[in-house]
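Enquirer: First, the structure itself, so that you have it in front of you.
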Number of protein chains: 2
Amino acid sequence: MEINRHLQNVKPSYIREILSAAKSPDVISLAGGLPATDLMPVELFMQAMATLDRTPEVFQYGETQGYAPLLEFVEKNYHLSNEMASIVCNGSQQGLDLIARAFINPGDIVVMEAPSYLGALQVFGLAQANIESVQQYENGPDLEELESIFASKSVKLFYAVPDFHNPTGVCWPLEVRQKVASLCLQYDVTFVEDAPYRDMRFNGEALPLVSSWCVDRAIILRSFSKLAAPGVRLGIVSSRHALIVPMIKVKQAADLHTNLPMQAALLNVFQNSEFQMHKERIRTRYQERYQSLCEALNDLSEQGCSFDTVEGGMFVWLKLPDINAMSLASRLIENGVAVVPSDVFYPSEEMNRPALRLNFSHCSPEKLKKAVSVIKQALLEMI
Amino acid sequence: MEINRHLQNVKPSYIREILSAAKSPDVISLAGGLPATDLMPVELFMQAMATLDRTPEVFQYGETQGYAPLLEFVEKNYHLSNEMASIVCNGSQQGLDLIARAFINPGDIVVMEAPSYLGALQVFGLAQANIESVQQYENGPDLEELESIFASKSVKLFYAVPDFHNPTGVCWPLEVRQKVASLCLQYDVTFVEDAPYRDMRFNGEALPLVSSWCVDRAIILRSFSKLAAPGVRLGIVSSRHALIVPMIKVKQAADLHTNLPMQAALLNVFQNSEFQMHKERIRTRYQERYQSLCEALNDLSEQGCSFDTVEGGMFVWLKLPDINAMSLASRLIENGVAVVPSDVFYPSEEMNRPALRLNFSHCSPEKLKKAVSVIKQALLEMI
């Protein structure tokens with residue numbers, strides 16, 4: 001049986017495949033966007049799940065939009081206005097998929113920064129969007145290029161990760177946020193703000209969501225994978241009520257609703273007084289790991305590598321000298337270190353500037369240092 | 001922002017909306033396909049979840065295909081051959097969606113029985129399939145009509161629910177199963193066997209899957225919602241390896257993977273020796289409820305109603321005299337009884353033969369009898 005035509009054009013996720021390959025205990029993996037397994041709030045989830053027999057209705061079919069008490073908590077916690085609504089998804093990845101399926105007709109223009117989050121490239125590719133890329137610099141998107149696209153074409157969505165971007169770790173400064181919001185308002189472009197790493201700030205002051213300046217034209221995606229646990233696959237999308245309704249309609253066909261016992265358990269975890277301490281612990285430990293990685297990476301400057309500092313998130317973007325990043329990554333995996341080469345984050349080869357995405361949340365400081373020494377050795381052999 | 005064109009053509013689920021309306025404790029609902037809340041194995045799930053700290057890795061990101069120990073269990077339990085593979089989904093509803101997204105190009109022909117499962121109509125509609133309907137009788141599809149469509153058109157999939165069909169409760173006899181399988185082989189049509197009610201047999205002998213005679217051209221969907229719990233949203237799709245691979249690719253973009261702690265908990269429930277007793281208890285109680293409903297329904301023959309007996313599942317299909325089923329359903333909801341009218345299960349009005357789908361698994365025998373007396377009163381007023 002022939003598979004769907006559009007699916008034939010969707011690249012398999014190199015990251016998911018390397019994650020599979022990197023499962024061997026001998027491999028040091030800086031490849032995934034994985035939280036530290038040893039820091040996950042398993043005990044809080046155990047306590048939460050032990051309360052579920054008090055709400056046996058969560059084992060029954062539920063509402064497509066989500067578990068009402070969790071939705072209420074989210075509305076309060078994120079100070080959502082009455083005009084806003086939310087939908088619970090199987091991770092914010094499903095949120096992206098619902099957005100694409102609810103709003104994108106084949107050929108519709110979606111603007112993204114390059115490099116881009118691979119999961120978003122896959123989703124919008126599957127929806128047959130026409131993806132336009134804007135070069136990303138250390139302060140976010142090239143604003144002139146962005147305005148020129150907005151002005152010359154009928155753009156439906158601008159998808160971005162303004163806080164600790166995946167893969168680069170870039171965090172947009174205040175003035176960029178305001179400018180992007182005003183451009184979206186001016187040119188009637190819906191801004192899709194993907195904020196999975198927003199709460200993972202370990203340094204500096206949190207900046208307002210870009211959406212706070214264009215709330216009527218914004219869709220916000222929040223992930224509970226990073227601070228809680230990715231295995232539970234829970235995220236939430238918030239927007240004006242009118243934009244959530246078609247997403248509910250798609251989700252109804254897609255899977256009826258998201259796992260209810262786990263929604264109830266997550267709410268219990270959020271309400272546990274120890275969760276605040278857990279979040280602080282994670283941020284502190286990730287900062288330590290980040291600093292260990294940076295110290296080690298400074299040692300690669302002789303090989304022509306450089307990187308910009310980050311104030312949160314999970315990734316450092318190591319810019320390489322003029323070598324093939326994919327070949328370097330292949331060599332590294334042979335030597336027991338998994339990383340993701342820049343190639344997979346660009347929609348086209350021409351835009352690619354060789355770099356490696358290095359995750360610092362998953363490995364111990366010792367392993368991070370060991371990994372960098374392997375990278376150094378490989379660079380010495382390749383240059 | 002304009003919504004996706006195809007979504008504009010997808011009917012919202014009347015059932016999901018009536019489920020919402022029927023939530024009031026004053027309403028007796030025979031509308032949903034809901035298992036009995038009081039019979040759900042909550043205690044087995046509680047025991048299962050209490051073991052999850054032994055496998056903390058289930059809180060981390062996992063494989064898109066599913067939790068390996070659950071996949072192994074399923075392979076053994078269903079005696080799947082080495083050529084077969086499976087993928088864990090958010091309920092078998094997501095399985096259907098993955099099939100549609102992996103294989104259907106706009107305009108591809110999908111054959112279904114009429115009346116049809118609404119969730120399948122939605123999914124194939126969203127994928128812009130060209131849906132061809134075959135009239136269903138008490139022994140399954142009209143075989144002549146089916147062969148005539150297979151012979152005259154290039155059919156991609158034949159979707160069916162051969163065991164205790166939703167909405168009619170029809171169960172295909174052996175010779176129909178063999179004939180359909182041979183037609184699928186002869187005309188190179190992939191058979192999508194949706195089997196959510198297969199294990200809900202309370203009378204008679206189980207018949208082989210239709211797919212057992214056309215395994216190379218079959219995709220089998222199994223739900224864990226009916227015997228375990230629907231709130232956990234877990235189901236499984238099995239087929240030849242080559243057909244599962246593109247579904248994994250779609251699921252990777254759609255939501256990365258299904259909730260892992262709940263996959264591990266479900267496996268533990270399956271392995272609990274009390275689960276067998278739970279299944280027998282459910283079947284016995286559903287049979288009691290079914291019999292109570294039938295006794296009450298016999299009282300409607302004077303009003304020109306009739307129904308065929310069923311040997312399992314969750315539904316009785318009450319054929320009505322020549323009145324408007326939708327109007328009857330509206331009147332019933334005003335009088336505190338929720339049912340689903342036949343209209344919503346037909347792709348076109350012309351095929352509709354007035355009937356009501358009555359669920360017998362969710363309500364007590366007393367409530368079922370009360371509901372039928374309300375139906376009788378409404379019929380007396382309308383005829």
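Naming works like this for the structure tokens: A, B, ... for the chains as they're shown, residue 1 at the start of each chain, ligands 1 onward in shown order.
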Write out chain B, as a compact mmCIF listing (two decimals) with C-alpha atoms, in the first residue's frame, after superposing it onto chain A by least squares using every C-alpha atom paired in order.
Expert:
# COMPACT_ATOMS: atom_id res chain seq x y z
CA MET B 1 0.04 -0.01 -0.01
CA GLU B 2 1.48 3.35 -1.02
CA ILE B 3 2.01 5.79 1.81
CA ASN B 4 0.70 9.33 1.92
CA ARG B 5 2.52 11.57 -0.58
CA HIS B 6 3.32 14.34 1.91
CA LEU B 7 4.69 11.86 4.41
CA GLN B 8 7.21 10.79 1.80
CA ASN B 9 8.66 14.32 1.98
CA VAL B 10 8.95 14.43 5.77
CA LYS B 11 12.43 13.71 7.00
CA PRO B 12 12.60 11.19 9.82
CA SER B 13 13.86 12.82 13.00
CA TYR B 14 17.62 12.39 13.16
CA ILE B 15 17.38 13.26 16.84
CA ARG B 16 14.88 10.50 17.58
CA GLU B 17 17.05 8.05 15.66
CA ILE B 18 20.24 9.10 17.39
CA LEU B 19 18.40 8.91 20.72
CA SER B 20 17.71 5.31 19.90
CA ALA B 21 21.36 4.68 18.96
CA ALA B 22 22.55 6.63 22.00
CA LYS B 23 20.70 4.37 24.42
CA SER B 24 23.75 2.20 24.99
CA PRO B 25 25.19 2.90 28.44
CA ASP B 26 28.61 3.30 26.81
CA VAL B 27 27.48 6.35 24.86
CA ILE B 28 27.59 9.81 26.46
CA SER B 29 24.55 11.52 24.97
CA LEU B 30 24.43 15.28 24.55
CA ALA B 31 22.00 14.67 21.69
CA GLY B 32 18.50 14.64 23.15
CA GLY B 33 16.60 17.43 24.82
CA LEU B 34 16.35 15.18 27.83
CA PRO B 35 15.86 16.37 31.38
CA ALA B 36 18.10 14.68 33.95
CA THR B 37 16.47 11.35 34.76
CA ASP B 38 17.87 11.38 38.30
CA LEU B 39 16.33 14.82 39.00
CA MET B 40 12.80 14.01 37.86
CA PRO B 41 10.05 14.40 40.47
CA VAL B 42 9.18 10.70 40.51
CA GLU B 43 8.37 10.79 44.23
CA LEU B 44 5.94 13.68 43.72
CA PHE B 45 4.23 11.74 40.93
CA MET B 46 4.06 8.63 43.15
CA GLN B 47 2.34 10.67 45.87
CA ALA B 48 0.03 12.19 43.29
CA MET B 49 -0.97 8.88 41.70
CA ALA B 50 -1.72 7.43 45.13
CA THR B 51 -4.60 9.93 45.40
CA LEU B 52 -6.32 8.98 42.14
CA ASP B 53 -8.80 6.55 43.69
CA ARG B 54 -10.42 9.64 45.24
CA THR B 55 -11.40 10.69 41.71
CA PRO B 56 -12.33 7.42 39.97
CA GLU B 57 -14.06 9.42 37.22
CA VAL B 58 -10.62 10.15 35.73
CA PHE B 59 -10.53 6.53 34.53
CA GLN B 60 -13.70 7.16 32.47
CA TYR B 61 -13.91 9.03 29.14
CA GLY B 62 -13.45 12.76 29.64
CA GLU B 63 -13.74 16.10 27.92
CA THR B 64 -11.65 16.66 24.79
CA GLN B 65 -10.47 20.06 26.02
CA GLY B 66 -8.86 18.61 29.14
CA TYR B 67 -9.37 17.85 32.82
CA ALA B 68 -11.37 20.83 34.11
CA PRO B 69 -9.50 21.28 37.43
CA LEU B 70 -6.16 21.30 35.57
CA LEU B 71 -7.50 23.84 33.06
CA GLU B 72 -8.68 26.04 35.94
CA PHE B 73 -5.30 25.82 37.64
CA VAL B 74 -3.53 26.76 34.41
CA GLU B 75 -5.82 29.74 33.83
CA LYS B 76 -5.11 31.09 37.31
CA ASN B 77 -1.42 30.27 37.33
CA TYR B 78 -0.76 31.96 33.98
CA HIS B 79 -3.23 34.79 34.63
CA LEU B 80 -5.20 34.11 31.48
CA SER B 81 -7.99 36.57 30.75
CA ASN B 82 -11.62 35.57 30.24
CA GLU B 83 -11.24 35.85 26.48
CA MET B 84 -8.58 33.12 26.51
CA ALA B 85 -9.09 29.37 26.54
CA SER B 86 -6.72 26.43 26.79
CA ILE B 87 -6.57 22.84 25.62
CA VAL B 88 -4.55 20.04 27.21
CA CYS B 89 -2.39 18.11 24.71
CA ASN B 90 -0.08 15.09 24.65
CA GLY B 91 2.92 17.32 25.17
CA SER B 92 3.25 20.64 23.40
CA GLN B 93 4.32 18.64 20.32
CA GLN B 94 0.67 17.63 19.89
CA GLY B 95 -0.27 21.26 20.42
CA LEU B 96 1.83 22.16 17.38
CA ASP B 97 0.23 19.38 15.38
CA LEU B 98 -3.27 20.55 16.32
CA ILE B 99 -2.41 24.12 15.30
CA ALA B 100 -1.13 22.91 11.94
CA ARG B 101 -4.14 20.69 11.32
CA ALA B 102 -6.66 23.29 12.47
CA PHE B 103 -5.32 26.27 10.52
CA ILE B 104 -2.92 25.34 7.73
CA ASN B 105 -4.13 24.76 4.20
CA PRO B 106 -1.56 23.40 1.74
CA GLY B 107 0.62 26.27 0.57
CA ASP B 108 -0.10 28.57 3.51
CA ILE B 109 3.00 30.46 4.56
CA VAL B 110 4.56 29.72 7.95
CA VAL B 111 7.62 31.73 8.95
CA MET B 112 10.24 30.19 11.23
CA GLU B 113 13.69 31.15 12.38
CA ALA B 114 16.58 29.14 10.95
CA PRO B 115 17.89 27.07 12.59
CA SER B 116 14.52 25.67 13.66
CA TYR B 117 13.00 23.20 16.07
CA LEU B 118 12.85 19.98 14.09
CA GLY B 119 9.49 18.87 15.51
CA ALA B 120 7.91 22.06 14.18
CA LEU B 121 9.51 21.58 10.76
CA GLN B 122 8.03 18.06 10.66
CA VAL B 123 4.54 19.16 11.70
CA PHE B 124 4.28 22.10 9.32
CA GLY B 125 5.85 19.99 6.57
CA LEU B 126 3.22 17.30 7.06
CA ALA B 127 0.53 19.99 6.82
CA GLN B 128 2.13 21.07 3.50
CA ALA B 129 2.81 24.57 4.72
CA ASN B 130 5.11 26.72 2.66
CA ILE B 131 7.90 27.34 5.20
CA GLU B 132 9.79 30.62 4.93
CA SER B 133 12.96 30.88 7.01
CA VAL B 134 14.39 33.96 8.65
CA GLN B 135 18.00 33.89 9.74
CA GLN B 136 18.40 33.87 13.52
CA TYR B 137 21.21 35.84 15.16
CA GLU B 138 22.22 36.01 18.81
CA ASN B 139 19.37 38.46 19.54
CA GLY B 140 16.71 36.55 17.66
CA PRO B 141 15.33 36.82 14.14
CA ASP B 142 16.65 39.20 11.51
CA LEU B 143 13.94 41.86 11.93
CA GLU B 144 14.42 43.48 8.56
CA GLU B 145 14.15 40.16 6.79
CA LEU B 146 11.10 39.32 8.90
CA GLU B 147 9.30 42.57 8.04
CA SER B 148 10.19 42.20 4.40
CA ILE B 149 8.54 38.76 4.29
CA PHE B 150 5.50 39.96 6.27
CA ALA B 151 5.14 42.94 3.92
CA SER B 152 5.55 41.04 0.66
CA LYS B 153 3.65 37.82 1.35
CA SER B 154 0.45 36.69 2.98
CA VAL B 155 1.91 35.05 6.09
CA LYS B 156 -0.43 32.94 8.23
CA LEU B 157 1.78 32.05 11.21
CA PHE B 158 5.12 33.06 12.65
CA TYR B 159 6.38 30.18 14.79
CA ALA B 160 9.17 30.92 17.27
CA VAL B 161 10.83 29.84 20.53
CA PRO B 162 11.78 33.20 22.07
CA ASP B 163 13.04 31.77 25.38
CA PHE B 164 16.17 29.60 25.15
CA HIS B 165 15.62 28.50 21.60
CA ASN B 166 16.01 24.91 20.49
CA PRO B 167 18.67 24.38 19.11
CA THR B 168 20.60 27.61 19.74
CA GLY B 169 19.64 28.66 23.28
CA VAL B 170 19.00 32.23 22.02
CA CYS B 171 16.70 34.34 24.22
CA TRP B 172 15.12 37.40 22.58
CA PRO B 173 15.74 40.72 24.39
CA LEU B 174 12.85 42.99 25.33
CA GLU B 175 12.99 45.30 22.31
CA VAL B 176 12.99 42.35 19.88
CA ARG B 177 9.94 40.91 21.61
CA GLN B 178 8.06 44.19 21.32
CA LYS B 179 9.07 44.68 17.71
CA VAL B 180 8.01 41.18 16.66
CA ALA B 181 4.66 41.60 18.42
CA SER B 182 4.04 44.92 16.70
CA LEU B 183 4.94 43.44 13.30
CA CYS B 184 2.48 40.58 13.88
CA LEU B 185 -0.25 43.10 14.74
CA GLN B 186 0.62 45.34 11.80
CA TYR B 187 0.64 42.55 9.20
CA ASP B 188 -2.10 40.38 10.73
CA VAL B 189 0.16 37.39 11.37
CA THR B 190 -0.69 34.94 14.15
CA PHE B 191 2.28 34.50 16.47
CA VAL B 192 2.85 30.93 17.70
CA GLU B 193 4.96 31.25 20.86
CA ASP B 194 6.50 27.92 21.81
CA ALA B 195 7.69 28.27 25.41
CA PRO B 196 8.91 24.85 26.61
CA TYR B 197 12.11 26.21 28.18
CA ARG B 198 10.70 29.44 29.56
CA ASP B 199 10.66 28.21 33.17
CA MET B 200 14.19 26.81 32.85
CA ARG B 201 15.89 30.15 33.49
CA PHE B 202 18.81 29.90 35.92
CA ASN B 203 20.24 33.37 35.43
CA GLY B 204 18.97 36.89 34.74
CA GLU B 205 15.41 38.20 34.82
CA ALA B 206 12.43 36.62 33.07
CA LEU B 207 11.11 38.72 30.19
CA PRO B 208 7.41 38.98 29.28
CA LEU B 209 6.03 36.62 26.66
CA VAL B 210 6.08 38.12 23.18
CA SER B 211 2.37 37.25 23.17
CA SER B 212 1.75 39.70 26.00
CA TRP B 213 1.99 42.49 23.39
CA CYS B 214 -0.13 40.77 20.73
CA VAL B 215 -2.44 38.57 22.78
CA ASP B 216 -5.29 38.79 20.27
CA ARG B 217 -3.07 37.30 17.58
CA ALA B 218 -1.12 34.78 19.63
CA ILE B 219 -1.13 31.09 20.41
CA ILE B 220 1.03 30.03 23.35
CA LEU B 221 2.40 26.50 23.79
CA ARG B 222 3.55 25.36 27.21
CA SER B 223 5.28 22.08 27.96
CA PHE B 224 5.24 20.24 31.25
CA SER B 225 8.03 17.94 30.05
CA LYS B 226 10.97 19.97 31.25
CA LEU B 227 10.10 20.83 34.86
CA ALA B 228 7.78 17.89 35.52
CA ALA B 229 8.42 14.82 33.32
CA PRO B 230 8.42 14.24 29.55
CA GLY B 231 7.20 10.63 29.79
CA VAL B 232 3.75 11.80 30.90
CA ARG B 233 3.32 13.71 27.60
CA LEU B 234 1.42 16.73 28.89
CA GLY B 235 1.39 20.24 27.56
CA ILE B 236 -1.09 23.03 27.07
CA VAL B 237 -2.05 25.48 24.34
CA SER B 238 -3.66 28.82 25.19
CA SER B 239 -5.19 31.39 22.87
CA ARG B 240 -8.34 33.30 22.16
CA HIS B 241 -11.36 31.07 22.57
CA ALA B 242 -12.14 31.24 18.85
CA LEU B 243 -8.76 29.70 17.99
CA ILE B 244 -8.99 26.92 20.57
CA VAL B 245 -12.39 25.69 19.30
CA PRO B 246 -11.11 24.31 15.96
CA MET B 247 -8.20 22.67 17.78
CA ILE B 248 -10.69 20.87 20.05
CA LYS B 249 -12.49 19.67 16.93
CA VAL B 250 -9.27 18.20 15.51
CA LYS B 251 -8.29 16.63 18.82
CA GLN B 252 -11.70 14.98 19.08
CA ALA B 253 -10.94 13.08 15.87
CA ALA B 254 -7.26 12.61 16.69
CA ASP B 255 -7.56 10.88 20.07
CA LEU B 256 -10.75 12.03 21.89
CA HIS B 257 -8.78 13.45 24.82
CA THR B 258 -5.48 13.26 26.68
CA ASN B 259 -4.81 10.64 29.36
CA LEU B 260 -6.94 11.77 32.30
CA PRO B 261 -5.36 10.06 35.33
CA MET B 262 -2.05 11.67 34.44
CA GLN B 263 -3.67 15.11 34.04
CA ALA B 264 -5.10 14.72 37.55
CA ALA B 265 -1.74 13.51 38.87
CA LEU B 266 0.09 16.45 37.29
CA LEU B 267 -2.30 18.91 38.92
CA ASN B 268 -1.59 17.25 42.26
CA VAL B 269 2.17 17.57 41.62
CA PHE B 270 1.76 21.28 40.84
CA GLN B 271 -0.18 21.77 44.07
CA ASN B 272 2.40 19.94 46.19
CA SER B 273 4.42 22.46 48.22
CA GLU B 274 7.59 20.53 47.41
CA PHE B 275 7.24 21.22 43.69
CA GLN B 276 8.62 24.74 44.14
CA MET B 277 11.75 23.27 45.78
CA HIS B 278 12.00 20.71 42.99
CA LYS B 279 11.98 23.49 40.38
CA GLU B 280 14.70 25.41 42.21
CA ARG B 281 16.80 22.26 42.56
CA ILE B 282 16.56 21.56 38.84
CA ARG B 283 17.56 25.10 37.89
CA THR B 284 20.55 25.02 40.23
CA ARG B 285 21.78 21.69 38.99
CA TYR B 286 21.29 22.62 35.33
CA GLN B 287 23.25 25.79 35.91
CA GLU B 288 26.10 23.75 37.43
CA ARG B 289 26.08 21.42 34.46
CA TYR B 290 25.96 24.33 32.04
CA GLN B 291 28.96 25.94 33.72
CA SER B 292 30.94 22.70 33.59
CA LEU B 293 30.20 22.40 29.90
CA CYS B 294 31.20 26.01 29.22
CA GLU B 295 34.51 25.60 31.05
CA ALA B 296 35.32 22.55 28.97
CA LEU B 297 34.19 24.20 25.72
CA ASN B 298 36.49 27.18 26.27
CA ASP B 299 39.25 24.69 25.59
CA LEU B 300 38.00 24.33 21.98
CA SER B 301 38.65 27.92 20.96
CA GLU B 302 42.04 26.90 19.53
CA GLN B 303 40.14 24.66 17.14
CA GLY B 304 38.09 27.62 15.92
CA CYS B 305 34.96 26.84 17.93
CA SER B 306 32.84 29.43 19.69
CA PHE B 307 29.52 29.70 21.50
CA ASP B 308 27.23 32.32 23.00
CA THR B 309 26.37 32.11 26.69
CA VAL B 310 22.82 31.20 27.71
CA GLU B 311 20.78 32.05 30.81
CA GLY B 312 18.62 28.95 30.80
CA GLY B 313 17.17 26.16 28.74
CA MET B 314 19.01 22.96 27.91
CA PHE B 315 21.31 23.68 24.99
CA VAL B 316 24.57 25.29 23.97
CA TRP B 317 25.13 25.91 20.26
CA LEU B 318 28.77 25.20 19.48
CA LYS B 319 29.73 27.02 16.29
CA LEU B 320 32.33 25.06 14.35
CA PRO B 321 35.11 26.07 11.98
CA ASP B 322 34.42 25.33 8.32
CA ILE B 323 33.99 21.57 8.55
CA ASN B 324 31.11 19.19 7.86
CA ALA B 325 29.05 19.03 11.05
CA MET B 326 27.30 15.83 10.01
CA SER B 327 30.63 14.06 9.44
CA LEU B 328 31.86 15.28 12.81
CA ALA B 329 28.70 13.97 14.51
CA SER B 330 29.11 10.59 12.82
CA ARG B 331 32.71 10.36 13.95
CA LEU B 332 31.68 11.33 17.47
CA ILE B 333 29.02 8.64 17.74
CA GLU B 334 31.68 6.08 16.71
CA ASN B 335 33.76 7.38 19.60
CA GLY B 336 30.90 7.12 22.08
CA VAL B 337 29.54 10.69 22.11
CA ALA B 338 26.13 11.60 20.66
CA VAL B 339 25.46 15.18 19.52
CA VAL B 340 23.17 16.73 16.91
CA PRO B 341 24.75 18.44 13.89
CA SER B 342 23.38 21.78 12.68
CA ASP B 343 22.35 20.30 9.31
CA VAL B 344 19.14 18.80 10.66
CA PHE B 345 17.87 22.14 12.00
CA TYR B 346 17.98 23.98 8.67
CA PRO B 347 15.25 23.67 6.06
CA SER B 348 17.88 23.90 3.29
CA GLU B 349 21.57 23.13 3.03
CA GLU B 350 22.45 26.63 1.83
CA MET B 351 21.47 28.20 5.16
CA ASN B 352 23.44 25.73 7.25
CA ARG B 353 26.31 27.18 9.28
CA PRO B 354 28.25 24.28 10.82
CA ALA B 355 27.54 23.84 14.52
CA LEU B 356 26.65 21.21 17.09
CA ARG B 357 23.72 21.29 19.49
CA LEU B 358 24.98 20.21 22.89
CA ASN B 359 22.52 19.33 25.64
CA PHE B 360 23.75 20.00 29.16
CA SER B 361 20.76 18.93 31.27
CA HIS B 362 21.01 15.17 30.94
CA CYS B 363 24.64 14.29 31.77
CA SER B 364 26.75 14.74 34.88
CA PRO B 365 29.52 17.40 34.82
CA GLU B 366 32.11 14.63 34.57
CA LYS B 367 30.49 13.13 31.49
CA LEU B 368 30.08 16.56 29.90
CA LYS B 369 33.82 17.16 30.31
CA LYS B 370 34.67 13.73 28.94
CA ALA B 371 32.39 14.38 25.94
CA VAL B 372 34.13 17.67 25.15
CA SER B 373 37.54 15.98 25.25
CA VAL B 374 36.22 13.47 22.66
CA ILE B 375 34.93 16.36 20.53
CA LYS B 376 38.34 18.03 20.77
CA GLN B 377 40.13 14.86 19.66
CA ALA B 378 37.76 14.45 16.69
CA LEU B 379 38.27 18.10 15.69
CA LEU B 380 42.04 17.67 15.83
CA GLU B 381 41.76 14.69 13.51
CA MET B 382 39.41 16.42 11.06
CA ILE B 383 40.92 19.90 10.71
Enquirer: From the DSSP assignment of the backbone, select every residue of stretch 197-350 of chain A that is strand (DSSP E), and format the answer as a PDB file with N, CA and C atoms, in the first residue's frame.
Expert:
ATOM      1  N   ALA A 218      -2.156  35.671  19.136  1.00  0.00           N
ATOM      2  CA  ALA A 218      -1.096  34.781  19.613  1.00  0.00           C
ATOM      3  C   ALA A 218      -1.647  33.424  20.033  1.00  0.00           C
ATOM      4  N   ILE A 219      -0.819  32.419  19.859  1.00  0.00           N
ATOM      5  CA  ILE A 219      -1.099  31.082  20.396  1.00  0.00           C
ATOM      6  C   ILE A 219       0.140  30.695  21.196  1.00  0.00           C
ATOM      7  N   ILE A 220      -0.066  30.320  22.454  1.00  0.00           N
ATOM      8  CA  ILE A 220       1.068  30.019  23.333  1.00  0.00           C
ATOM      9  C   ILE A 220       1.089  28.527  23.669  1.00  0.00           C
ATOM     10  N   LEU A 221       2.256  27.922  23.472  1.00  0.00           N
ATOM     11  CA  LEU A 221       2.435  26.496  23.782  1.00  0.00           C
ATOM     12  C   LEU A 221       3.300  26.347  25.021  1.00  0.00           C
ATOM     13  N   ARG A 222       2.785  25.606  26.003  1.00  0.00           N
ATOM     14  CA  ARG A 222       3.583  25.349  27.201  1.00  0.00           C
ATOM     15  C   ARG A 222       3.766  23.857  27.393  1.00  0.00           C
ATOM     16  N   SER A 223       4.969  23.484  27.769  1.00  0.00           N
ATOM     17  CA  SER A 223       5.307  22.073  27.959  1.00  0.00           C
ATOM     18  C   SER A 223       5.457  21.786  29.438  1.00  0.00           C
ATOM     19  N   GLY A 235       1.150  18.841  27.856  1.00  0.00           N
ATOM     20  CA  GLY A 235       1.431  20.235  27.551  1.00  0.00           C
ATOM     21  C   GLY A 235       0.107  20.949  27.379  1.00  0.00           C
ATOM     22  N   ILE A 236       0.187  22.252  27.159  1.00  0.00           N
ATOM     23  CA  ILE A 236      -1.058  23.008  27.069  1.00  0.00           C
ATOM     24  C   ILE A 236      -0.906  24.116  26.029  1.00  0.00           C
ATOM     25  N   VAL A 237      -1.992  24.375  25.301  1.00  0.00           N
ATOM     26  CA  VAL A 237      -2.012  25.470  24.337  1.00  0.00           C
ATOM     27  C   VAL A 237      -3.056  26.482  24.794  1.00  0.00           C
ATOM     28  N   SER A 238      -2.680  27.760  24.804  1.00  0.00           N
ATOM     29  CA  SER A 238      -3.619  28.818  25.200  1.00  0.00           C
ATOM     30  C   SER A 238      -3.722  29.847  24.085  1.00  0.00           C
ATOM     31  N   SER A 239      -4.927  30.351  23.887  1.00  0.00           N
ATOM     32  CA  SER A 239      -5.156  31.379  22.872  1.00  0.00           C
ATOM     33  C   SER A 239      -6.549  31.957  23.066  1.00  0.00           C
ATOM     34  N   ARG A 240      -6.931  32.858  22.164  1.00  0.00           N
ATOM     35  CA  ARG A 240      -8.309  33.305  22.164  1.00  0.00           C
ATOM     36  C   ARG A 240      -9.211  32.093  21.996  1.00  0.00           C
ATOM     37  N   PHE A 315      20.363  23.884  26.103  1.00  0.00           N
ATOM     38  CA  PHE A 315      21.287  23.698  24.989  1.00  0.00           C
ATOM     39  C   PHE A 315      22.341  24.793  24.875  1.00  0.00           C
ATOM     40  N   VAL A 316      23.525  24.361  24.444  1.00  0.00           N
ATOM     41  CA  VAL A 316      24.549  25.291  23.975  1.00  0.00           C
ATOM     42  C   VAL A 316      24.778  24.977  22.496  1.00  0.00           C
ATOM     43  N   TRP A 317      24.913  26.043  21.717  1.00  0.00           N
ATOM     44  CA  TRP A 317      25.101  25.905  20.264  1.00  0.00           C
ATOM     45  C   TRP A 317      26.575  26.159  19.981  1.00  0.00           C
ATOM     46  N   LEU A 318      27.292  25.095  19.690  1.00  0.00           N
ATOM     47  CA  LEU A 318      28.732  25.212  19.483  1.00  0.00           C
ATOM     48  C   LEU A 318      29.011  25.455  18.003  1.00  0.00           C
ATOM     49  N   LYS A 319      29.429  26.697  17.698  1.00  0.00           N
ATOM     50  CA  LYS A 319      29.708  27.031  16.296  1.00  0.00           C
ATOM     51  C   LYS A 319      31.071  26.453  15.923  1.00  0.00           C
ATOM     52  N   VAL A 337      30.129   9.452  21.708  1.00  0.00           N
ATOM     53  CA  VAL A 337      29.490  10.702  22.122  1.00  0.00           C
ATOM     54  C   VAL A 337      28.412  11.063  21.092  1.00  0.00           C
ATOM     55  N   ALA A 338      27.185  11.262  21.579  1.00  0.00           N
ATOM     56  CA  ALA A 338      26.090  11.622  20.671  1.00  0.00           C
ATOM     57  C   ALA A 338      25.801  13.114  20.776  1.00  0.00           C
ATOM     58  N   VAL A 340      23.931  16.532  18.117  1.00  0.00           N
ATOM     59  CA  VAL A 340      23.129  16.741  16.912  1.00  0.00           C
ATOM     60  C   VAL A 340      23.795  17.805  16.055  1.00  0.00           C
ATOM     61  N   PRO A 341      24.085  17.473  14.788  1.00  0.00           N
ATOM     62  CA  PRO A 341      24.727  18.437  13.892  1.00  0.00           C
ATOM     63  C   PRO A 341      23.722  19.482  13.392  1.00  0.00           C
TER      64      PRO A 341
END
